[in-house]
Structures are given as structure tokens and as C-alpha cells.
>>> print(open('work.txt').read())   # compact mmCIF, C-alpha atoms
# COMPACT_ATOMS: atom_id res chain seq x y z
CA MET A 1 116.95 32.75 102.81
CA SER A 2 118.32 35.54 105.04
CA ASP A 3 121.90 35.76 106.37
CA HIS A 4 120.72 37.43 109.59
CA PRO A 5 120.76 34.92 112.43
CA ASP A 6 117.59 36.25 114.13
CA SER A 7 115.61 37.21 111.08
CA ALA A 8 114.20 33.80 110.60
CA GLN A 9 112.75 33.82 114.11
CA MET A 10 111.61 37.55 114.30
CA ASP A 11 107.89 38.08 114.51
CA PRO A 12 106.93 40.64 111.77
CA ALA A 13 104.58 42.48 114.17
CA ALA A 14 107.34 42.75 116.78
CA GLY A 15 109.69 44.06 114.11
CA ARG A 16 107.26 46.80 113.14
CA GLU A 17 106.82 47.69 116.82
CA GLN A 18 110.58 47.98 117.21
CA LEU A 19 110.77 50.25 114.17
CA ASP A 20 107.89 52.41 115.47
CA ARG A 21 109.60 52.76 118.86
CA THR A 22 112.84 53.86 117.19
CA ALA A 23 111.06 56.38 114.96
CA MET A 24 109.09 57.72 117.93
CA ALA A 25 112.28 58.12 119.98
CA ARG A 26 113.87 60.09 117.13
CA LEU A 27 110.74 62.25 116.78
CA ILE A 28 110.73 63.02 120.51
CA ASP A 29 114.43 63.96 120.36
CA ARG A 30 113.71 66.27 117.42
CA GLN A 31 110.79 67.86 119.25
CA LYS A 32 113.04 68.48 122.24
CA ASP A 33 115.55 70.22 119.94
CA ILE A 34 112.81 72.35 118.37
CA LEU A 35 111.41 73.25 121.78
CA GLU A 36 114.88 74.27 122.97
CA ASP A 37 115.32 76.41 119.82
CA LEU A 38 111.95 78.03 120.46
CA ARG A 39 112.87 78.69 124.11
CA GLN A 40 116.08 80.36 122.99
CA MET A 41 114.23 82.44 120.37
CA ALA A 42 111.62 83.46 122.96
CA SER A 43 114.40 84.43 125.33
CA LEU A 44 116.10 86.52 122.62
CA LEU A 45 112.79 88.20 121.67
CA ASP A 46 112.07 88.92 125.33
CA ALA A 47 115.52 90.47 125.74
CA ALA A 48 115.01 92.55 122.56
CA ARG A 49 111.57 93.62 123.76
CA SER A 50 113.05 94.69 127.13
CA GLU A 51 115.82 96.61 125.39
CA ILE A 52 113.32 98.36 123.10
CA ALA A 53 111.09 99.16 126.10
CA SER A 54 114.07 100.62 127.99
CA LEU A 55 114.62 103.02 125.06
CA LYS A 56 111.12 104.43 125.75
CA PRO A 57 110.04 104.30 122.09
CA GLN A 58 106.60 105.61 123.08
CA GLU A 59 108.27 109.01 123.40
CA ILE A 60 108.94 109.02 119.66
CA GLY A 61 105.20 109.05 119.03
CA SER A 62 104.08 110.98 122.09
CA ASN A 63 106.79 113.68 122.30
CA PHE A 64 109.45 113.86 119.59
CA LEU A 65 107.34 113.63 116.43
CA PRO A 66 104.46 115.88 117.63
CA SER A 67 107.05 118.41 118.80
CA ALA A 68 108.74 118.36 115.37
CA ALA A 69 105.34 118.77 113.68
CA ASP A 70 104.54 121.74 115.96
CA GLU A 71 107.85 123.39 115.06
CA LEU A 72 107.09 122.96 111.36
CA ASP A 73 103.58 124.37 111.83
CA ALA A 74 105.15 127.38 113.57
CA ILE A 75 107.39 127.92 110.52
CA VAL A 76 104.33 127.96 108.25
CA GLU A 77 102.57 130.42 110.55
CA ALA A 78 105.60 132.74 110.78
CA THR A 79 106.16 132.79 107.01
CA GLU A 80 102.45 133.41 106.46
CA GLN A 81 102.54 136.42 108.78
CA ALA A 82 105.70 137.79 107.17
CA THR A 83 104.28 137.27 103.68
CA GLY A 84 101.09 139.06 104.75
CA GLN A 85 103.14 142.06 105.88
CA ILE A 86 105.10 142.11 102.60
CA MET A 87 101.83 141.98 100.67
CA ASP A 88 100.36 144.80 102.81
CA SER A 89 103.33 147.01 101.97
CA ALA A 90 103.30 146.08 98.27
CA GLU A 91 99.59 146.93 98.04
CA ILE A 92 100.21 150.34 99.69
CA ILE A 93 103.03 151.05 97.21
CA GLU A 94 100.80 150.00 94.31
CA ALA A 95 97.95 152.24 95.50
CA VAL A 96 100.29 155.23 95.77
CA VAL A 97 101.90 154.50 92.40
CA GLU A 98 98.51 154.31 90.66
CA LYS A 99 97.92 157.93 91.66
CA GLN A 100 101.30 159.05 90.26
CA GLY A 101 101.30 157.69 86.71
CA GLY A 102 104.18 157.99 84.26
CA GLU A 103 107.22 155.84 83.48
CA VAL A 104 108.39 155.59 87.07
CA ALA A 105 104.94 154.37 88.07
CA GLU A 106 105.10 151.68 85.40
CA GLN A 107 108.48 150.51 86.68
CA LEU A 108 107.23 150.44 90.25
CA THR A 109 104.09 148.54 89.27
CA GLU A 110 106.30 146.01 87.50
CA ALA A 111 108.39 145.68 90.68
CA VAL A 112 105.25 145.24 92.80
CA THR A 113 104.08 142.49 90.44
CA ARG A 114 107.40 140.68 90.96
CA ILE A 115 106.86 141.00 94.74
CA TYR A 116 103.40 139.42 94.43
CA GLU A 117 104.84 136.57 92.36
CA ALA A 118 107.67 136.03 94.83
CA CYS A 119 105.19 135.85 97.71
CA SER A 120 103.84 132.61 96.27
CA PHE A 121 106.88 130.97 97.90
CA GLN A 122 104.79 130.83 101.06
CA ASP A 123 102.22 128.57 99.40
CA ILE A 124 104.90 126.24 98.03
CA THR A 125 106.95 126.06 101.24
CA GLY A 126 103.74 125.55 103.21
CA GLN A 127 102.79 122.59 101.02
CA ARG A 128 106.33 121.16 101.24
CA ILE A 129 106.27 121.40 105.03
CA THR A 130 102.83 119.75 105.08
CA LYS A 131 104.38 116.86 103.15
CA VAL A 132 107.15 116.56 105.77
CA VAL A 133 104.56 116.61 108.58
CA ARG A 134 102.64 113.85 106.78
CA THR A 135 105.85 111.82 106.55
CA LEU A 136 106.47 112.30 110.28
CA LYS A 137 102.95 111.07 111.01
CA SER A 138 103.62 108.02 108.85
CA VAL A 139 106.81 107.28 110.82
CA GLU A 140 104.81 107.72 114.04
CA GLU A 141 102.26 105.16 112.85
CA ARG A 142 104.97 102.65 111.88
CA VAL A 143 106.56 103.03 115.31
CA SER A 144 103.16 102.51 116.96
CA GLU A 145 102.53 99.40 114.85
CA MET A 146 105.91 97.98 115.91
CA LEU A 147 105.13 98.74 119.57
CA ALA A 148 101.71 97.11 119.22
CA ALA A 149 103.35 93.99 117.75
CA LEU A 150 105.67 93.88 120.79
CA ASP A 151 102.73 94.46 123.14
CA LEU A 152 104.28 97.70 124.39
CA LEU A 153 101.26 99.94 123.84
CA SER A 154 98.71 100.91 126.46
CA PRO A 155 95.04 100.18 125.59
CA ASP A 156 94.48 103.91 124.89
CA GLU A 157 97.49 104.05 122.58
CA GLU A 158 96.36 100.93 120.78
CA ALA A 159 92.86 102.40 120.30
CA ALA A 160 94.42 105.59 118.89
CA LEU A 161 96.49 103.50 116.45
CA HIS A 162 93.37 101.70 115.20
CA ALA A 163 91.61 105.05 114.77
CA GLN A 164 94.55 106.40 112.73
CA THR A 165 94.57 103.32 110.52
CA ALA A 166 90.84 103.65 109.90
CA ALA A 167 91.20 107.37 109.11
CA ARG A 168 93.78 106.56 106.41
CA ALA A 169 91.12 104.86 104.34
CA GLY A 170 89.77 107.24 101.70
CA ASP A 171 89.46 107.63 97.97
CA PRO A 172 92.67 105.93 96.81
CA ASP A 173 92.41 107.19 93.23
CA GLU A 174 92.13 110.82 94.29
CA ALA A 175 94.72 110.41 97.08
CA ASP A 176 97.22 109.01 94.58
CA LEU A 177 97.05 112.32 92.74
CA LEU A 178 97.70 114.49 95.79
CA ASN A 179 101.48 114.62 95.88
CA GLY A 180 102.11 118.32 96.45
CA PRO A 181 105.09 120.18 95.01
CA GLN A 182 107.74 118.01 93.38
CA LEU A 183 111.49 118.56 93.54
CA PRO A 184 112.65 120.66 90.57
CA ASP A 185 114.14 117.72 88.67
CA GLN A 186 110.96 115.66 89.12
CA ALA A 187 108.32 118.32 88.39
CA ILE A 188 106.69 118.75 85.02
CA ARG A 189 107.52 122.14 83.47
CA GLN A 190 104.94 124.65 82.29
CA ASP A 191 106.18 124.10 78.72
CA ASP A 192 105.41 120.36 79.08
CA VAL A 193 101.93 121.20 80.39
CA ASP A 194 101.37 123.51 77.43
CA ALA A 195 102.43 120.72 75.09
CA LEU A 196 99.81 118.41 76.66
CA PHE A 197 97.23 121.08 75.89
CA GLY A 198 98.47 121.26 72.34
CA GLY A 199 99.26 124.95 72.56
CA PRO A 200 102.40 126.97 71.99
CA PRO A 201 104.85 127.41 74.89
CA ARG A 202 103.91 130.06 77.41
CA GLU A 203 104.64 133.69 76.75
CA GLY A 204 106.91 135.71 78.95
CA GLY A 205 108.71 132.82 80.62
CA GLY A 206 110.48 133.25 83.90
CA ASP A 207 108.54 130.75 85.98
CA ARG A 208 109.90 127.24 86.28
CA MET B 209 84.51 138.70 70.95
CA ALA B 210 86.10 141.03 73.46
CA VAL B 211 86.56 139.80 76.99
CA ASP B 212 84.26 141.52 79.46
CA LYS B 213 86.55 142.72 82.23
CA ASN B 214 83.52 143.23 84.45
CA MET B 215 82.73 139.54 84.42
CA LYS B 216 82.69 137.75 87.74
CA ILE B 217 85.74 135.59 88.45
CA LEU B 218 85.89 132.98 91.23
CA ILE B 219 89.30 132.11 92.67
CA VAL B 220 89.57 129.05 94.92
CA ASP B 221 92.56 128.30 97.15
CA ASP B 222 93.05 127.28 100.76
CA TYR B 223 96.09 129.57 101.12
CA LYS B 224 94.97 133.12 101.83
CA THR B 225 98.26 134.46 100.49
CA MET B 226 97.68 132.78 97.14
CA LEU B 227 94.12 134.12 96.95
CA ARG B 228 95.52 137.60 97.57
CA ILE B 229 98.28 137.18 94.95
CA ILE B 230 95.87 136.01 92.24
CA ARG B 231 93.36 138.71 93.15
CA ASN B 232 96.04 141.41 92.84
CA LEU B 233 97.36 140.01 89.54
CA LEU B 234 93.80 139.90 88.14
CA ARG B 235 93.21 143.46 89.31
CA GLN B 236 96.40 144.54 87.53
CA LEU B 237 94.99 142.90 84.38
CA GLY B 238 91.88 145.05 84.76
CA PHE B 239 89.44 142.53 86.26
CA VAL B 240 87.49 143.99 89.15
CA ASP B 241 84.69 141.57 90.13
CA ILE B 242 86.64 138.87 91.91
CA GLU B 243 85.24 136.51 94.54
CA GLU B 244 87.08 133.98 96.68
CA ALA B 245 86.47 130.54 98.18
CA THR B 246 88.81 128.41 100.28
CA ASP B 247 87.74 124.95 99.11
CA GLY B 248 85.75 123.21 96.41
CA SER B 249 82.50 122.80 98.32
CA ALA B 250 82.32 126.50 99.24
CA ALA B 251 83.12 127.35 95.63
CA LEU B 252 80.40 125.05 94.32
CA GLN B 253 77.86 126.66 96.63
CA MET B 254 78.86 130.11 95.33
CA LEU B 255 78.73 128.95 91.71
CA ARG B 256 75.22 127.54 92.17
CA THR B 257 73.79 130.49 94.04
CA GLY B 258 75.86 133.55 93.08
CA GLY B 259 76.62 133.20 89.41
CA PRO B 260 77.08 133.57 86.58
CA TYR B 261 80.86 133.45 86.74
CA GLY B 262 82.94 134.03 83.63
CA LEU B 263 85.99 132.13 84.90
CA ILE B 264 87.03 129.80 87.71
CA ILE B 265 90.69 129.76 88.80
CA SER B 266 91.21 126.94 91.28
CA ASP B 267 93.92 125.24 93.30
CA TRP B 268 93.85 121.42 93.40
CA ASN B 269 94.91 120.32 96.88
CA MET B 270 92.18 121.54 99.27
CA GLU B 271 89.93 119.99 101.89
CA PRO B 272 87.21 118.83 102.09
CA MET B 273 86.60 119.14 98.34
CA THR B 274 89.61 119.24 96.04
CA GLY B 275 89.94 121.28 92.88
CA LEU B 276 89.61 118.14 90.76
CA GLN B 277 86.36 117.20 92.50
CA LEU B 278 85.11 120.77 92.00
CA LEU B 279 86.00 120.55 88.29
CA ARG B 280 84.07 117.28 87.94
CA GLU B 281 81.05 118.77 89.74
CA VAL B 282 81.13 121.84 87.50
CA ARG B 283 81.39 119.80 84.32
CA ALA B 284 78.53 117.54 85.48
CA ASP B 285 76.21 120.48 86.23
CA PRO B 286 74.18 121.53 83.16
CA LYS B 287 74.13 125.17 84.27
CA LEU B 288 77.84 125.38 85.07
CA LYS B 289 79.51 122.99 82.66
CA GLY B 290 80.48 125.67 80.15
CA THR B 291 82.35 127.83 82.68
CA PRO B 292 86.06 128.18 81.80
CA PHE B 293 88.16 126.49 84.50
CA ILE B 294 91.89 127.07 84.99
CA MET B 295 93.71 124.86 87.50
CA VAL B 296 96.58 126.66 89.28
CA THR B 297 98.40 124.10 91.37
CA ALA B 298 101.68 122.79 92.74
CA GLU B 299 100.59 119.29 91.69
CA SER B 300 103.21 118.95 89.01
CA LYS B 301 103.15 115.35 87.83
CA SER B 302 102.08 114.58 84.28
CA GLU B 303 99.35 112.23 85.59
CA ASN B 304 97.82 115.22 87.40
CA VAL B 305 97.69 117.26 84.21
CA ILE B 306 96.23 114.31 82.30
CA ALA B 307 93.58 113.66 85.00
CA ALA B 308 92.59 117.34 85.00
CA LYS B 309 92.44 117.41 81.22
CA GLU B 310 90.28 114.29 81.14
CA ALA B 311 87.97 115.93 83.69
CA GLY B 312 87.56 118.91 81.34
CA VAL B 313 89.95 121.55 82.64
CA SER B 314 90.36 124.51 80.29
CA ASN B 315 94.03 125.09 81.10
CA TYR B 316 96.61 124.23 83.75
CA ILE B 317 99.22 126.40 85.47
CA VAL B 318 102.00 124.91 87.59
CA LYS B 319 102.93 126.87 90.72
CA PRO B 320 105.03 128.90 91.17
CA PHE B 321 103.89 130.97 88.21
CA ASN B 322 104.26 134.53 87.02
CA ALA B 323 101.82 137.19 85.86
CA GLU B 324 102.67 136.61 82.19
CA THR B 325 101.76 132.92 82.44
CA LEU B 326 98.46 133.72 84.15
CA LYS B 327 97.58 136.23 81.44
CA ALA B 328 98.64 133.86 78.64
CA LYS B 329 96.42 131.04 79.95
CA MET B 330 93.49 133.42 80.45
CA VAL B 331 93.91 134.62 76.86
CA SER B 332 94.00 131.02 75.60
CA VAL B 333 90.75 130.29 77.45
CA LEU B 334 88.82 133.57 77.12
CA GLY B 335 90.34 135.20 74.05
CA ASP B 336 92.61 138.23 73.82
CA PHE B 337 92.15 141.18 76.17
>>> encode(input="work.txt", output="C-alpha cells")
Amino acid sequence: MSDHPDSAQMDPAAGREQLDRTAMARLIDRQKDILEDLRQMASLLDAARSEIASLKPQEIGSNFLPSAADELDAIVEATEQATGQIMDSAEIIEAVVEKQGGEVAEQLTEAVTRIYEACSFQDITGQRITKVVRTLKSVEERVSEMLAALDLLSPDEEAALHAQTAARAGDPDEADLLNGPQLPDQAIRQDDVDALFGGPPREGGGDR
Amino acid sequence: MAVDKNMKILIVDDYKTMLRIIRNLLRQLGFVDIEEATDGSAALQMLRTGGPYGLIISDWNMEPMTGLQLLREVRADPKLKGTPFIMVTAESKSENVIAAKEAGVSNYIVKPFNAETLKAKMVSVLGDF
């Protein structure tokens, strides 16, 4: 027997209905809270989107990064021209020296060889700069992806982004092996290469 | 057997300066018949139509066909597979050397390199000269 005064008279169906109404009221209150939270989040996102748009991030992809890449390309071109001129002069010296003969000619030929070797800097710096340009392009793509997510890209810009993403697809195994020059402390040395080939260390030394 | 310094050598690199450097170093070593290509596909065409070549000296990182792809094509071609192939590249990770070795490279030179290293690797591949 219950101690509650009304429990003896309460219809079980009415009791369940009362409980359902209470639960529903709580659920509606919770939904209102969630909706309010969502409104606030949407408002914050909208404000963030407006702030990002006011910074004109499209300029990063359309102006700043291409301009930086152009400057780097100009460096490669200038060093290539300068290296070509150095090589021209070294080849003239070598041709003259070959006609002379003797000990002085040997010394000069040796010096010309060192000039040829040194000119390989242009290949290495060119490859390093290409790596930097590739990194800039990657940053540009990330920026574009962020802008696309915020719906801040024009249809043309969005189409260009999709084209870039598609162009990235290639042979992943081969691409993984194309890393270009490493920093000195990360690169394998010629002696280590020779060891992999099971031969004695290189003769002469001097490189790496 | 003595190395024939009149043999045809193919050098492959997309940097004209590097082609010129290797050509001059080879000339100093006494080799005179030197031809050039600027990527693997052009090199392969020359190998198949202009041979025989006694040695291939190739860069790795080129477009559209890389030096590694060229090496694989050469080793898969019955007429070319015996051609000595030295990779001269700035790709200086051990996995690169291992991949090239597995593909059948004869020797591997890490850029930047000097004339002595080039000669030493040529001697190891061709014999003394």
C-alpha cells in the first residue's frame, strides 16, 4: 500500500501521459538551448568569415605567392646566365692552355676543372629553389582550400583549385623518391653510397 | 680490356649547365664522342635509334621521364640492358640509392661531385683507363 495520498486514485495511463509531457517539455527546452548555441556559433563563424574576407586572402594566392615564385625563377635564370658566362670563359682558357703545354698548363687545366666543378652550384641551387617554389604552391593550395570551405572563392577560382588537386595525382611511389637536394646533415654521403655498392670509398675526395 | 675512349657516351640532364660540366670533364678524361639528352624519353629514343652507347650518365629528377624510369626502360630492353648506367643526382636519400640499385644502376654519384669521383665511378664500371 502506497503512502502517497493520490497514488491510489491515479490512472496509470494518465500518469504515463504526465511523465511524457514532462520529458517532452525538458526535451524542447534542451533543443532551444542547442539552437541558441548553434545560432551563436553561426554568428561567430560569420564574423570570422567576414574578418578573413576583409583581409583579402585571395591576394595570397593571386598576387603574393605567384610574385614570390616569379622572383625565385628570376634568381634561377640570372644564376644560369652568370654560370654560362663563367663556363664560356673557362672553356676559352682551357682551349688556350691546351696549345701551351707544360707545367703551367697542367696547373691551369687543374684550376679550370675546379671551376667546372664549382659551376655545379647552379644545378643544386636551382633544384633547391624549385623545392621552395613547390612549397609555395602547396601553401597556395591550402589557402585556396580554406577559402573554398568558407565559400570565399569565385567559381573560376574554385574550378582552378579542383584542377590543381587533380593534377597532383600521379605515380606516388616515384613521387616519393623525388625529394631534390637534402640539407647537408640529412644527405647521404658519397662514402655511404659507395658502401651500399660494396666498393671502397671514393678516390680523391673533396666532394661532400 | 682497355676502355675505348672513342666509345659513344650519352649524358642526360635537364640542366644545360650540368650537361656542359659533365661533357667538359669527360673531354678532359679523353672521351670525345659525347651526346646529350634533356630527359629520359629523349634519351631512350637516342639509345634505340643512335646506338650503340658505351655508357649512360643520367640525372634522376627530370620531366617527363625521370632517370629512374629511363634506367628501368634500359634494363627491360634486350638490346640495351647491358649498357653501363651511372646515376649522377642530387637525390641523396638512402632509399633513392637503394631504389636505383634495385633497378640495376651500375653506380651512383651524389651531386655536387668532383672530377675524381666521376673518374673513379667510371673506372669501377668500365675498367681502368
>>> closest_atom_pairs(input="work.txt", of="chain B", to="chain A", cutoff="6 Å", atoms="all atoms listed in the file", output="CSV")
residue,atom,partner,partner_atom,distance
B:Ile229,CA,A:Tyr116,CA,5.6
B:Ala298,CA,A:Pro181,CA,4.9
B:Glu299,CA,A:Gly180,CA,5.1
B:Ser300,CA,A:Ala187,CA,5.2
B:Lys301,CA,A:Ile188,CA,5.7
B:Phe321,CA,A:Asp207,CA,5.2
B:Asn322,CA,A:Glu117,CA,5.7
B:Glu324,CA,A:Gly204,CA,5.4
>>> write_last_selection(input="work.txt", atoms="C-alpha atoms", output="mmCIF file, in the frame of the given file")
data_model
loop_
_atom_site.group_PDB
_atom_site.id
_atom_site.type_symbol
_atom_site.label_atom_id
_atom_site.label_comp_id
_atom_site.auth_asym_id
_atom_site.auth_seq_id
_atom_site.Cartn_x
_atom_site.Cartn_y
_atom_site.Cartn_z
ATOM 1 C CA ILE B 229 98.280 137.180 94.950
ATOM 2 C CA ALA B 298 101.680 122.790 92.740
ATOM 3 C CA GLU B 299 100.590 119.290 91.690
ATOM 4 C CA SER B 300 103.210 118.950 89.010
ATOM 5 C CA LYS B 301 103.150 115.350 87.830
ATOM 6 C CA PHE B 321 103.890 130.970 88.210
ATOM 7 C CA ASN B 322 104.260 134.530 87.020
ATOM 8 C CA GLU B 324 102.670 136.610 82.190
#
>>> atom_distance(input="work.txt", atom1="atom CA of Asp185 of chain A", atom2="atom CA of Lys137 of chain A")
25.9 Å
>>> atom_distance(input="work.txt", atom1="atom CA of Leu72 of chain A", atom2="atom CA of Glu140 of chain A")
15.6 Å
>>> closest_residue(input="work.txt", among="B:Ile306, B:Arg283, B:Asp267, B:Lys289", to="Val318 of chain B", atoms="all atoms listed in the file")
B:Asp267
>>> residues_around(input="work.txt", residues="Met146 of chain A", least_positions_apart="4", cutoff="12 Å", atoms="only C-alpha atoms", output="PyMOL selection string")
chain A and resi 49+52-53+57-58+61+139-142+150-153+158+161
>>> atom_distance(input="work.txt", atom1="atom CA of Ala78 of chain A", atom2="atom CA of Thr125 of chain A")
11.7 Å
>>> residues_near_point(input="work.txt", point="(84.2, 144.2, 89.7)", cutoff="10 Å", atoms="all atoms listed in the file", output="MDAnalysis selection string")
chainID B and resid 213:217 235 238:243
>>> residues_around(input="work.txt", residues="Gln253 of chain B", least_positions_apart="4", cutoff="12 Å", atoms="only C-alpha atoms", output="PDB file with C-alpha atoms, in the frame of the given file")
ATOM      1  CA  LEU B 218      85.890 132.980  91.230  1.00  0.00           C
ATOM      2  CA  GLU B 244      87.080 133.980  96.680  1.00  0.00           C
ATOM      3  CA  ALA B 245      86.470 130.540  98.180  1.00  0.00           C
ATOM      4  CA  THR B 246      88.810 128.410 100.280  1.00  0.00           C
ATOM      5  CA  ASP B 247      87.740 124.950  99.110  1.00  0.00           C
ATOM      6  CA  GLY B 248      85.750 123.210  96.410  1.00  0.00           C
ATOM      7  CA  SER B 249      82.500 122.800  98.320  1.00  0.00           C
ATOM      8  CA  THR B 257      73.790 130.490  94.040  1.00  0.00           C
ATOM      9  CA  GLY B 258      75.860 133.550  93.080  1.00  0.00           C
ATOM     10  CA  GLY B 259      76.620 133.200  89.410  1.00  0.00           C
ATOM     11  CA  MET B 273      86.600 119.140  98.340  1.00  0.00           C
ATOM     12  CA  LEU B 278      85.110 120.770  92.000  1.00  0.00           C
ATOM     13  CA  GLU B 281      81.050 118.770  89.740  1.00  0.00           C
ATOM     14  CA  VAL B 282      81.130 121.840  87.500  1.00  0.00           C
ATOM     15  CA  LEU B 288      77.840 125.380  85.070  1.00  0.00           C
TER      16      LEU B 288
END
>>> closest_residue(input="work.txt", among="B:Lys309, B:Leu237, B:Pro260, B:Glu271", to="Tyr223 of chain B", atoms="only C-alpha atoms")
B:Glu271
